[in-house]
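Shown next, in structure tokens, is the structure this report addresses.
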Amino acid sequence: MAAPADWLVDRPESTPCTWFLFAHGAGAPMDSDFMQAMAGLLVQRGVGVIRFEFPYMSERRLTGKRRPPNKMDVLQAFFQEQIDRANAEFPGVPLVIGGKSMGGRVASMLAQKNVEKGAIAGAVCLGYPFHPPGKPEKLRTDHLRPMTCPLVIIQGSRDKLGSRDEVAEYPLGSGIGLHWLEDGDHDFKPRKASGFTQTQHWQTAADQMRQWLHLQGW
């Protein structure tokens with residue numbers, strides 16, 4: 001297993017209400033426009049943000065060559081290392097894990113066991129990939145059905161990896177909350193005719209996440 005990648009750590013002016021361990025999606029690094037924007041918005045709302053890169057993305061940064069994501073067992077093991085490291089480096093403040101798309105999926109697969117052992121307080125998925133593009137029959141929901149730990153999914157209503165109409169049919173665990181961004185795609189970008197902008201949806205997503213954290217008592 002590769003050594004933990006360097007982190008990008010964004011701190012609010014006062015003590016964070018929560019630390020958010022924030023993983024990137026399959027195709028873009030930890031400093032993509034989406035990741036940068038969400039980190040900044042969360043810091044403004046009192047949330048500390050820790051970003052990291054999975055091994056394949058760190059290799060891509062070094063070599064300049066695109067690499068497919070590591071296998072799921074490698075992604076999970078690497079994410080778990082980051083959880084353990086975050087708890088060691090930032091004790092005494094609740095830790096929430098999550099990510100954009102694939103990063104959120106990996107976090108969701110680790111959430112239940114880590115909540116049960118007290119390592120994290122919950123999880124947040126920003127644009128959950130409920131199925132691969134164009135393959136709605138290949139659901140990625142098996143681990144979500146029995147979930148009882150706190151997890152919130154913030155999703156664009158016309159996300160091609162899980163739209164509002166599609167997700168309404170999925171059985172999800174009792175611990176899972178859903179918030180919808182009207183007409184948003186997988187990056188929360190709406191069409192102009194909707195009357196919304198991507199920036200507005202990013203701000204709303206940050207507001208929804210902060211409100212959810214507050215409701216959980218963090």
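Every chain in the structure tokens has a letter given in the order shown (A, B, ...), and although residue numbers restart at 1 in each chain, ligands are simply numbered from 1 in the order shown.
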
Using only C-alpha atoms, determine which residues lie at most 9 Å from Arg51 in chain A, disregarding the query and same-chain residues fewer than 5 positions distant; provide the list as a PDB file with all heavy atoms, in the first residue's frame.
ATOM      1  N   ASP A   6      -0.054  13.554   0.327  1.00  0.00           N
ATOM      2  CA  ASP A   6      -0.136  14.828   1.012  1.00  0.00           C
ATOM      3  C   ASP A   6      -1.578  15.304   1.017  1.00  0.00           C
ATOM      4  O   ASP A   6      -2.327  15.061   0.077  1.00  0.00           O
ATOM      5  CB  ASP A   6       0.751  15.860   0.309  1.00  0.00           C
ATOM      6  CG  ASP A   6       2.232  15.585   0.528  1.00  0.00           C
ATOM      7  OD1 ASP A   6       2.581  14.896   1.497  1.00  0.00           O
ATOM      8  OD2 ASP A   6       3.016  16.064  -0.312  1.00  0.00           O
ATOM      9  N   TRP A   7      -1.924  15.992   2.069  1.00  0.00           N
ATOM     10  CA  TRP A   7      -3.271  16.512   2.214  1.00  0.00           C
ATOM     11  C   TRP A   7      -3.330  17.979   1.812  1.00  0.00           C
ATOM     12  O   TRP A   7      -2.341  18.702   1.882  1.00  0.00           O
ATOM     13  CB  TRP A   7      -3.704  16.421   3.668  1.00  0.00           C
ATOM     14  CG  TRP A   7      -4.082  15.063   4.149  1.00  0.00           C
ATOM     15  CD1 TRP A   7      -4.256  13.931   3.410  1.00  0.00           C
ATOM     16  CD2 TRP A   7      -4.342  14.703   5.510  1.00  0.00           C
ATOM     17  NE1 TRP A   7      -4.611  12.893   4.221  1.00  0.00           N
ATOM     18  CE2 TRP A   7      -4.670  13.333   5.518  1.00  0.00           C
ATOM     19  CE3 TRP A   7      -4.327  15.394   6.718  1.00  0.00           C
ATOM     20  CZ2 TRP A   7      -4.993  12.660   6.697  1.00  0.00           C
ATOM     21  CZ3 TRP A   7      -4.640  14.732   7.875  1.00  0.00           C
ATOM     22  CH2 TRP A   7      -4.973  13.374   7.863  1.00  0.00           C
ATOM     23  N   LEU A   8      -4.509  18.413   1.425  1.00  0.00           N
ATOM     24  CA  LEU A   8      -4.858  19.828   1.381  1.00  0.00           C
ATOM     25  C   LEU A   8      -5.799  20.052   2.562  1.00  0.00           C
ATOM     26  O   LEU A   8      -6.863  19.439   2.636  1.00  0.00           O
ATOM     27  CB  LEU A   8      -5.562  20.190   0.067  1.00  0.00           C
ATOM     28  CG  LEU A   8      -4.717  20.203  -1.198  1.00  0.00           C
ATOM     29  CD1 LEU A   8      -5.594  20.519  -2.413  1.00  0.00           C
ATOM     30  CD2 LEU A   8      -3.588  21.222  -1.086  1.00  0.00           C
ATOM     31  N   VAL A   9      -5.395  20.896   3.497  1.00  0.00           N
ATOM     32  CA  VAL A   9      -6.181  21.128   4.704  1.00  0.00           C
ATOM     33  C   VAL A   9      -6.651  22.578   4.720  1.00  0.00           C
ATOM     34  O   VAL A   9      -5.842  23.504   4.650  1.00  0.00           O
ATOM     35  CB  VAL A   9      -5.357  20.825   5.973  1.00  0.00           C
ATOM     36  CG1 VAL A   9      -6.184  21.099   7.222  1.00  0.00           C
ATOM     37  CG2 VAL A   9      -4.878  19.375   5.961  1.00  0.00           C
ATOM     38  N   ASP A  10      -7.965  22.754   4.786  1.00  0.00           N
ATOM     39  CA  ASP A  10      -8.575  24.083   4.840  1.00  0.00           C
ATOM     40  C   ASP A  10      -9.251  24.235   6.196  1.00  0.00           C
ATOM     41  O   ASP A  10     -10.127  23.440   6.550  1.00  0.00           O
ATOM     42  CB  ASP A  10      -9.601  24.250   3.713  1.00  0.00           C
ATOM     43  CG  ASP A  10      -8.960  24.152   2.340  1.00  0.00           C
ATOM     44  OD1 ASP A  10      -8.363  25.141   1.906  1.00  0.00           O
ATOM     45  OD2 ASP A  10      -9.059  23.078   1.720  1.00  0.00           O
ATOM     46  N   PHE A  20     -14.162  17.416   7.801  1.00  0.00           N
ATOM     47  CA  PHE A  20     -14.729  16.668   6.679  1.00  0.00           C
ATOM     48  C   PHE A  20     -13.581  16.106   5.859  1.00  0.00           C
ATOM     49  O   PHE A  20     -12.821  16.858   5.246  1.00  0.00           O
ATOM     50  CB  PHE A  20     -15.609  17.578   5.825  1.00  0.00           C
ATOM     51  CG  PHE A  20     -16.247  16.897   4.643  1.00  0.00           C
ATOM     52  CD1 PHE A  20     -16.831  15.643   4.752  1.00  0.00           C
ATOM     53  CD2 PHE A  20     -16.295  17.533   3.400  1.00  0.00           C
ATOM     54  CE1 PHE A  20     -17.424  15.020   3.662  1.00  0.00           C
ATOM     55  CE2 PHE A  20     -16.898  16.934   2.309  1.00  0.00           C
ATOM     56  CZ  PHE A  20     -17.461  15.670   2.435  1.00  0.00           C
ATOM     57  N   LEU A  21     -13.431  14.789   5.845  1.00  0.00           N
ATOM     58  CA  LEU A  21     -12.420  14.105   5.050  1.00  0.00           C
ATOM     59  C   LEU A  21     -13.014  13.873   3.670  1.00  0.00           C
ATOM     60  O   LEU A  21     -13.887  13.023   3.488  1.00  0.00           O
ATOM     61  CB  LEU A  21     -12.035  12.794   5.728  1.00  0.00           C
ATOM     62  CG  LEU A  21     -10.882  11.990   5.124  1.00  0.00           C
ATOM     63  CD1 LEU A  21      -9.599  12.799   5.069  1.00  0.00           C
ATOM     64  CD2 LEU A  21     -10.670  10.700   5.918  1.00  0.00           C
ATOM     65  N   PHE A  22     -12.537  14.620   2.678  1.00  0.00           N
ATOM     66  CA  PHE A  22     -13.220  14.842   1.403  1.00  0.00           C
ATOM     67  C   PHE A  22     -12.433  14.200   0.259  1.00  0.00           C
ATOM     68  O   PHE A  22     -11.339  14.647  -0.083  1.00  0.00           O
ATOM     69  CB  PHE A  22     -13.336  16.357   1.209  1.00  0.00           C
ATOM     70  CG  PHE A  22     -14.198  16.831   0.091  1.00  0.00           C
ATOM     71  CD1 PHE A  22     -15.107  16.006  -0.559  1.00  0.00           C
ATOM     72  CD2 PHE A  22     -14.114  18.166  -0.305  1.00  0.00           C
ATOM     73  CE1 PHE A  22     -15.907  16.489  -1.581  1.00  0.00           C
ATOM     74  CE2 PHE A  22     -14.899  18.665  -1.329  1.00  0.00           C
ATOM     75  CZ  PHE A  22     -15.806  17.821  -1.966  1.00  0.00           C
ATOM     76  N   ALA A  23     -13.002  13.153  -0.343  1.00  0.00           N
ATOM     77  CA  ALA A  23     -12.342  12.411  -1.425  1.00  0.00           C
ATOM     78  C   ALA A  23     -12.864  12.859  -2.789  1.00  0.00           C
ATOM     79  O   ALA A  23     -14.046  13.168  -2.950  1.00  0.00           O
ATOM     80  CB  ALA A  23     -12.569  10.911  -1.250  1.00  0.00           C
ATOM     81  N   HIS A  24     -11.983  12.853  -3.762  1.00  0.00           N
ATOM     82  CA  HIS A  24     -12.334  13.280  -5.123  1.00  0.00           C
ATOM     83  C   HIS A  24     -13.078  12.191  -5.894  1.00  0.00           C
ATOM     84  O   HIS A  24     -13.165  11.038  -5.464  1.00  0.00           O
ATOM     85  CB  HIS A  24     -11.064  13.671  -5.884  1.00  0.00           C
ATOM     86  CG  HIS A  24     -10.063  12.551  -5.997  1.00  0.00           C
ATOM     87  ND1 HIS A  24     -10.158  11.543  -6.936  1.00  0.00           N
ATOM     88  CD2 HIS A  24      -8.940  12.277  -5.269  1.00  0.00           C
ATOM     89  CE1 HIS A  24      -9.142  10.713  -6.796  1.00  0.00           C
ATOM     90  NE2 HIS A  24      -8.392  11.120  -5.786  1.00  0.00           N
ATOM     91  N   MET A  30      -7.961  16.293  -6.366  1.00  0.00           N
ATOM     92  CA  MET A  30      -8.471  16.932  -5.161  1.00  0.00           C
ATOM     93  C   MET A  30      -8.546  18.447  -5.268  1.00  0.00           C
ATOM     94  O   MET A  30      -9.195  19.095  -4.437  1.00  0.00           O
ATOM     95  CB  MET A  30      -7.612  16.556  -3.955  1.00  0.00           C
ATOM     96  CG  MET A  30      -6.174  17.012  -4.014  1.00  0.00           C
ATOM     97  SD  MET A  30      -5.263  16.467  -2.534  1.00  0.00           S
ATOM     98  CE  MET A  30      -3.599  16.982  -2.958  1.00  0.00           C
ATOM     99  N   ASP A  31      -7.893  19.044  -6.289  1.00  0.00           N
ATOM    100  CA  ASP A  31      -7.944  20.488  -6.456  1.00  0.00           C
ATOM    101  C   ASP A  31      -8.723  20.901  -7.702  1.00  0.00           C
ATOM    102  O   ASP A  31      -8.496  21.968  -8.270  1.00  0.00           O
ATOM    103  CB  ASP A  31      -6.535  21.088  -6.482  1.00  0.00           C
ATOM    104  CG  ASP A  31      -5.648  20.464  -7.560  1.00  0.00           C
ATOM    105  OD1 ASP A  31      -6.092  19.517  -8.246  1.00  0.00           O
ATOM    106  OD2 ASP A  31      -4.492  20.925  -7.713  1.00  0.00           O
ATOM    107  N   MET A  35     -14.007  20.554  -6.223  1.00  0.00           N
ATOM    108  CA  MET A  35     -13.430  20.294  -4.906  1.00  0.00           C
ATOM    109  C   MET A  35     -12.982  21.595  -4.237  1.00  0.00           C
ATOM    110  O   MET A  35     -13.185  21.802  -3.031  1.00  0.00           O
ATOM    111  CB  MET A  35     -12.260  19.329  -5.036  1.00  0.00           C
ATOM    112  CG  MET A  35     -12.616  17.954  -5.592  1.00  0.00           C
ATOM    113  SD  MET A  35     -13.514  16.904  -4.444  1.00  0.00           S
ATOM    114  CE  MET A  35     -12.232  16.506  -3.246  1.00  0.00           C
ATOM    115  N   ALA A  39     -14.796  23.020  -0.827  1.00  0.00           N
ATOM    116  CA  ALA A  39     -13.941  23.192   0.346  1.00  0.00           C
ATOM    117  C   ALA A  39     -14.036  24.623   0.868  1.00  0.00           C
ATOM    118  O   ALA A  39     -14.180  24.858   2.080  1.00  0.00           O
ATOM    119  CB  ALA A  39     -12.500  22.833   0.012  1.00  0.00           C
TER     120      ALA A  39
END

Show me, as a PyMOL selection string, the residues that have an atom within 12 Å of Asn87 in chain A when counting only C-alpha atoms, minus same-chain residues fewer than 2 positions from it.
chain A and resi 18-21+50+80-85+89-97+114+118-121

Env of Gly103 in chain A: 6 Å cut, atoms = only C-alpha atoms, seq-sep filter 2 positions within chain, self excluded. Answer as a list in words.
Ala23, His24, Gly25, Gly99, Lys100, Ser101, Arg105 and Val106 of chain A

Go ahead and save the residues from that selection, with C-alpha atoms, as a tab-separated table (two decimals), in the first residue's frame.
chain	number	residue	atom	x	y	z
A	23	ALA	CA	-12.34	12.41	-1.42
A	24	HIS	CA	-12.33	13.28	-5.12
A	25	GLY	CA	-14.26	11.61	-7.95
A	99	GLY	CA	-16.63	12.75	-1.33
A	100	LYS	CA	-17.55	13.65	-4.84
A	101	SER	CA	-19.09	10.78	-6.84
A	105	ARG	CA	-19.23	5.89	-2.86
A	106	VAL	CA	-16.04	4.64	-1.22

Residues near range 178-186 of chain A, cut-off 7 Å, only C-alpha atoms, skip fewer than 5 positions along chain, as a list in words:
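Contacts, in chain order: Gly127, Val152, Ile153, Ile154, Gln155, Gly156, Ser157, Arg158, Asp159, Lys160, Arg191, Ser194 and His201 of chain A.
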
The selected residues should be written to file as a compact mmCIF listing (two decimals), in the first residue's frame (atoms: N, CA, C and O atoms).
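part-v4.txt written:
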# COMPACT_ATOMS: atom_id res chain seq x y z
N GLY A 127 -23.23 13.96 -5.07
CA GLY A 127 -23.40 13.34 -6.38
C GLY A 127 -23.07 11.86 -6.33
O GLY A 127 -22.02 11.44 -6.82
N VAL A 152 -25.81 11.48 4.42
CA VAL A 152 -26.65 12.32 3.58
C VAL A 152 -26.09 12.32 2.16
O VAL A 152 -24.88 12.36 1.95
N ILE A 153 -27.00 12.24 1.19
CA ILE A 153 -26.65 12.31 -0.23
C ILE A 153 -27.24 13.59 -0.79
O ILE A 153 -28.44 13.83 -0.67
N ILE A 154 -26.38 14.43 -1.38
CA ILE A 154 -26.83 15.66 -2.04
C ILE A 154 -26.65 15.45 -3.53
O ILE A 154 -25.54 15.18 -4.00
N GLN A 155 -27.75 15.54 -4.28
CA GLN A 155 -27.78 15.04 -5.65
C GLN A 155 -28.50 16.01 -6.57
O GLN A 155 -29.52 16.61 -6.19
N GLY A 156 -27.99 16.18 -7.80
CA GLY A 156 -28.71 16.91 -8.82
C GLY A 156 -29.92 16.12 -9.29
O GLY A 156 -29.83 14.91 -9.48
N SER A 157 -31.04 16.78 -9.50
CA SER A 157 -32.28 16.05 -9.79
C SER A 157 -32.26 15.37 -11.15
O SER A 157 -33.02 14.43 -11.38
N ARG A 158 -31.37 15.80 -12.07
CA ARG A 158 -31.28 15.13 -13.36
C ARG A 158 -29.91 14.48 -13.55
O ARG A 158 -29.44 14.29 -14.68
N ASP A 159 -29.29 14.09 -12.45
CA ASP A 159 -28.01 13.38 -12.49
C ASP A 159 -28.16 12.10 -13.30
O ASP A 159 -29.03 11.27 -13.00
N LYS A 160 -27.31 11.91 -14.30
CA LYS A 160 -27.41 10.73 -15.16
C LYS A 160 -26.91 9.47 -14.45
O LYS A 160 -27.04 8.36 -14.99
N ARG A 191 -29.43 23.60 -16.18
CA ARG A 191 -29.58 24.28 -17.47
C ARG A 191 -30.00 25.72 -17.23
O ARG A 191 -30.64 26.04 -16.22
N SER A 194 -33.49 26.75 -16.22
CA SER A 194 -33.99 26.41 -14.88
C SER A 194 -34.08 27.62 -13.97
O SER A 194 -34.81 27.60 -12.96
N HIS A 201 -26.03 26.33 -6.82
CA HIS A 201 -26.22 24.96 -6.34
C HIS A 201 -25.06 24.51 -5.46
O HIS A 201 -25.27 23.76 -4.50

Within 12 Å of Lys71 in chain A, counting only C-alpha atoms, which residues show up once you throw out same-chain ones fewer than 6 positions away? Write them as a list of chain:residue names, please.
A:Ala26, A:Phe54, A:Pro55, A:Tyr56, A:Ala77, A:Phe78, A:Met102, A:Val106

Backbone DSSP call of strand (DSSP E) for range 38-144 of chain A, listed as an MDAnalysis selection string:
chainID A and resid 47:52 95:100 122:126

Take the residues from that selection and write them out as a short mmCIF file (atom, residue, chain, number, x, y, z; two decimals), in the first residue's frame, keeping N, CA and C atoms.
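Output file again00.cif follows:
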data_model
loop_
_atom_site.label_atom_id
_atom_site.label_comp_id
_atom_site.auth_asym_id
_atom_site.auth_seq_id
_atom_site.Cartn_x
_atom_site.Cartn_y
_atom_site.Cartn_z
N VAL A 47 -16.71 24.48 8.83
CA VAL A 47 -16.29 23.09 8.68
C VAL A 47 -14.84 23.05 8.22
N GLY A 48 -14.00 22.29 8.90
CA GLY A 48 -12.64 22.06 8.43
C GLY A 48 -12.64 20.98 7.37
N VAL A 49 -11.85 21.14 6.32
CA VAL A 49 -11.86 20.22 5.19
C VAL A 49 -10.47 19.65 4.96
N ILE A 50 -10.40 18.33 4.85
CA ILE A 50 -9.15 17.61 4.55
C ILE A 50 -9.33 16.91 3.22
N ARG A 51 -8.52 17.25 2.24
CA ARG A 51 -8.59 16.59 0.94
C ARG A 51 -7.35 15.72 0.71
N PHE A 52 -7.55 14.62 0.01
CA PHE A 52 -6.44 13.72 -0.31
C PHE A 52 -6.69 13.11 -1.68
N LEU A 95 -15.36 13.73 13.18
CA LEU A 95 -14.87 13.51 11.82
C LEU A 95 -16.00 12.94 10.97
N VAL A 96 -16.27 13.59 9.86
CA VAL A 96 -17.24 13.12 8.88
C VAL A 96 -16.48 12.81 7.60
N ILE A 97 -16.80 11.71 6.95
CA ILE A 97 -16.13 11.35 5.70
C ILE A 97 -17.09 11.50 4.53
N GLY A 98 -16.53 11.61 3.34
CA GLY A 98 -17.39 11.72 2.17
C GLY A 98 -16.60 12.05 0.93
N GLY A 99 -17.33 12.43 -0.11
CA GLY A 99 -16.63 12.75 -1.33
C GLY A 99 -17.54 13.04 -2.48
N LYS A 100 -16.89 13.40 -3.57
CA LYS A 100 -17.55 13.65 -4.84
C LYS A 100 -17.67 12.33 -5.59
N GLY A 122 -20.29 10.31 10.75
CA GLY A 122 -21.24 10.11 9.66
C GLY A 122 -20.55 10.31 8.32
N ALA A 123 -21.36 10.40 7.26
CA ALA A 123 -20.80 10.50 5.91
C ALA A 123 -21.68 11.38 5.03
N VAL A 124 -21.05 12.00 4.02
CA VAL A 124 -21.73 12.87 3.07
C VAL A 124 -21.30 12.50 1.66
N CYS A 125 -22.26 12.29 0.77
CA CYS A 125 -21.98 11.97 -0.64
C CYS A 125 -22.50 13.11 -1.50
N LEU A 126 -21.61 13.71 -2.28
CA LEU A 126 -21.97 14.80 -3.18
C LEU A 126 -22.02 14.26 -4.60
#

Give me the residues within 8 Å of Arg140 in chain A as an mmCIF file with C-alpha atoms, in the first residue's frame, counting only C-alpha atoms and dropping any in the same chain fewer than 3 places off.
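The file below, out.cif, is the result:
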data_model
loop_
_atom_site.group_PDB
_atom_site.id
_atom_site.type_symbol
_atom_site.label_atom_id
_atom_site.label_comp_id
_atom_site.auth_asym_id
_atom_site.auth_seq_id
_atom_site.Cartn_x
_atom_site.Cartn_y
_atom_site.Cartn_z
ATOM 1 C CA PRO A 129 -23.070 7.311 -8.556
ATOM 2 C CA PHE A 130 -26.074 5.044 -8.053
ATOM 3 C CA HIS A 131 -25.230 3.271 -11.320
ATOM 4 C CA HIS A 143 -24.596 -1.679 0.975
#

Distance in Å - CA of Gln36 in chain A versus CA of Ser58 in chain A:
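Pair CA of Gln36 in chain A / CA of Ser58 in chain A returns 17.1 Å.
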
Just list the residues in range 42-157 of chain A DSSP gives alpha helix (DSSP H) on the backbone, as a ChimeraX atom specification.
/A:42-44,55-63,72-89,102-116

Gln44 in chain A environment, 12 Å, only C-alpha atoms, sequence neighbours closer than 6 positions dropped, as a ChimeraX atom specification
/A:10-14,16-17,37-38,203,206-207,210

So the first atom is CA of Gly134 in chain A and the second is CA of Ser108 in chain A; what is the distance between them in Å, to one decimal place?
22.1 Å

Minimum-distance residue to Arg145 in chain A, chosen among A:Gly173, A:Pro69, A:Pro133, A:Pro190 (using only C-alpha atoms):
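Of all the options, A:Gly173 lies closest to Arg145 in chain A.
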
In Å, how far is it from CA of Ala168 in chain A to CA of Leu75 in chain A?
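Between CA of Ala168 in chain A and CA of Leu75 in chain A the gap works out to 28.3 Å.
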